[in-house]
Amino acid sequence: LAIGKTRMILWGLDAPERSQQCKLQGKPWTCWNVAARALQILVANGPIRCENKGQADVFKRIYAICTANNVNINEAFVRSGMALALREQSDAYVSAEDDARERSVGLWQAEAEFINPWEWRRNNASNGAR
């Protein structure tokens, strides 16, 4: 997300990378595109407010918890199934991830296959993965 010139990264979660391929029903699935669209829909619901968590990533993006019309975007994104709770950062969204898994939505839908984004980045670091 960008607010003015400030780039934000949603705190407590992780989502597929742009070049990461997932599979759906055994066929390639551009899960990043679906995740990006899910996030676009969430942020389109009204003015966005973000709370700086006081950290920046290696690309100088600010980690934040963001809301739109009093809806926690971070939590809703994980609950949509298109992002995962980033347990190394927080356990705040673990129940949202569990809910998405139980409802079989997003990355958790039947016949979907994916690698956790943090594992995918680690395995593809030599390819310039981010």
# chains A, B, ... in the order shown; residues from 1 in each chain; ligands from 1
>>> select_by_dssp(residues="chain A", states="helix (DSSP H, G or I)", output="count of residues only")
43
>>> residues_around(residues="Asp98 of chain A", least_positions_apart="5", cutoff="12 Å", atoms="only C-alpha atoms", output="PyMOL selection string")
chain A and resi 75+78-81+83-85+91-93+103-105+107-108
>>> write_last_selection(atoms="N, CA and C atoms", output="JSON list (two decimals), in the first residue's frame")
[["chain", "number", "residue", "atom", "x", "y", "z"],
["A", 75, "GLU", "N", -6.42, -8.25, 8.98],
["A", 75, "GLU", "CA", -7.18, -9.43, 9.38],
["A", 75, "GLU", "C", -8.08, -9.91, 8.25],
["A", 78, "VAL", "N", -6.14, -11.83, 5.56],
["A", 78, "VAL", "CA", -5.83, -13.21, 5.99],
["A", 78, "VAL", "C", -7.11, -14.05, 5.97],
["A", 79, "ARG", "N", -8.20, -13.50, 6.46],
["A", 79, "ARG", "CA", -9.48, -14.22, 6.51],
["A", 79, "ARG", "C", -9.99, -14.56, 5.11],
["A", 80, "SER", "N", -9.60, -13.77, 4.10],
["A", 80, "SER", "CA", -9.98, -14.06, 2.71],
["A", 80, "SER", "C", -9.26, -15.30, 2.18],
["A", 81, "GLY", "N", -8.22, -15.72, 2.88],
["A", 81, "GLY", "CA", -7.45, -16.88, 2.46],
["A", 81, "GLY", "C", -6.32, -16.56, 1.50],
["A", 83, "ALA", "N", -3.77, -14.44, 2.18],
["A", 83, "ALA", "CA", -2.55, -14.12, 2.92],
["A", 83, "ALA", "C", -2.50, -15.07, 4.12],
["A", 84, "LEU", "N", -1.30, -15.24, 4.64],
["A", 84, "LEU", "CA", -1.09, -16.13, 5.78],
["A", 84, "LEU", "C", -0.65, -15.32, 7.00],
["A", 85, "ALA", "N", -1.02, -15.81, 8.17],
["A", 85, "ALA", "CA", -0.53, -15.19, 9.40],
["A", 85, "ALA", "C", 0.99, -15.37, 9.45],
["A", 91, "ASP", "N", 0.99, -13.28, 16.47],
["A", 91, "ASP", "CA", -0.04, -14.32, 16.39],
["A", 91, "ASP", "C", -1.43, -13.70, 16.23],
["A", 92, "ALA", "N", -1.48, -12.41, 15.92],
["A", 92, "ALA", "CA", -2.74, -11.68, 15.84],
["A", 92, "ALA", "C", -3.71, -12.23, 14.80],
["A", 93, "TYR", "N", -3.20, -12.84, 13.74],
["A", 93, "TYR", "CA", -4.08, -13.26, 12.65],
["A", 93, "TYR", "C", -4.14, -14.77, 12.46],
["A", 103, "ARG", "N", -12.93, -22.78, 6.12],
["A", 103, "ARG", "CA", -13.92, -22.46, 5.08],
["A", 103, "ARG", "C", -13.43, -22.80, 3.68],
["A", 104, "SER", "N", -12.17, -23.26, 3.55],
["A", 104, "SER", "CA", -11.58, -23.65, 2.25],
["A", 104, "SER", "C", -11.65, -22.52, 1.24],
["A", 105, "VAL", "N", -11.17, -21.34, 1.63],
["A", 105, "VAL", "CA", -11.18, -20.19, 0.72],
["A", 105, "VAL", "C", -9.76, -19.77, 0.37],
["A", 107, "LEU", "N", -6.16, -19.49, -0.79],
["A", 107, "LEU", "CA", -5.09, -20.48, -0.91],
["A", 107, "LEU", "C", -5.48, -21.82, -0.31],
["A", 108, "TRP", "N", -6.46, -21.81, 0.55],
["A", 108, "TRP", "CA", -6.88, -23.02, 1.26],
["A", 108, "TRP", "C", -7.98, -23.78, 0.53]]
>>> closest_residue(among="A:Ile65, A:Leu1, A:Pro28, A:Met82", to="Ala44 of chain A", atoms="only C-alpha atoms")
A:Leu1
>>> closest_residue(among="A:Ala2, A:Leu10, A:Ala100, A:Cys31", to="Asn72 of chain A", atoms="only C-alpha atoms")
A:Leu10
>>> residues_around(residues="Asp14 of chain A", least_positions_apart="6", cutoff="12 Å", atoms="only C-alpha atoms", output="PyMOL selection string")
chain A and resi 32+35+63+74-75+77-78+81-90+93-94+97+115-121+130
>>> select_by_dssp(residues="chain A", states="strand (DSSP E)", output="NGL selection string")
:A and (2-3 or 6-10 or 13-14 or 22-24 or 27-29 or 48-56 or 62-68 or 71-72 or 84-85 or 112-113)
>>> atom_distance(atom1="atom CA of Ala38 of chain A", atom2="atom CA of Gly106 of chain A")
9.5 Å
>>> atom_distance(atom1="atom CA of Gln40 of chain A", atom2="atom CA of Gln109 of chain A")
20.3 Å
>>> atom_distance(atom1="atom CA of Glu113 of chain A", atom2="atom CA of Cys22 of chain A")
5.7 Å
>>> closest_residue(among="A:Ala64, A:Ile3, A:Val58, A:Ala112", to="Lys27 of chain A", atoms="only C-alpha atoms")
A:Ala112
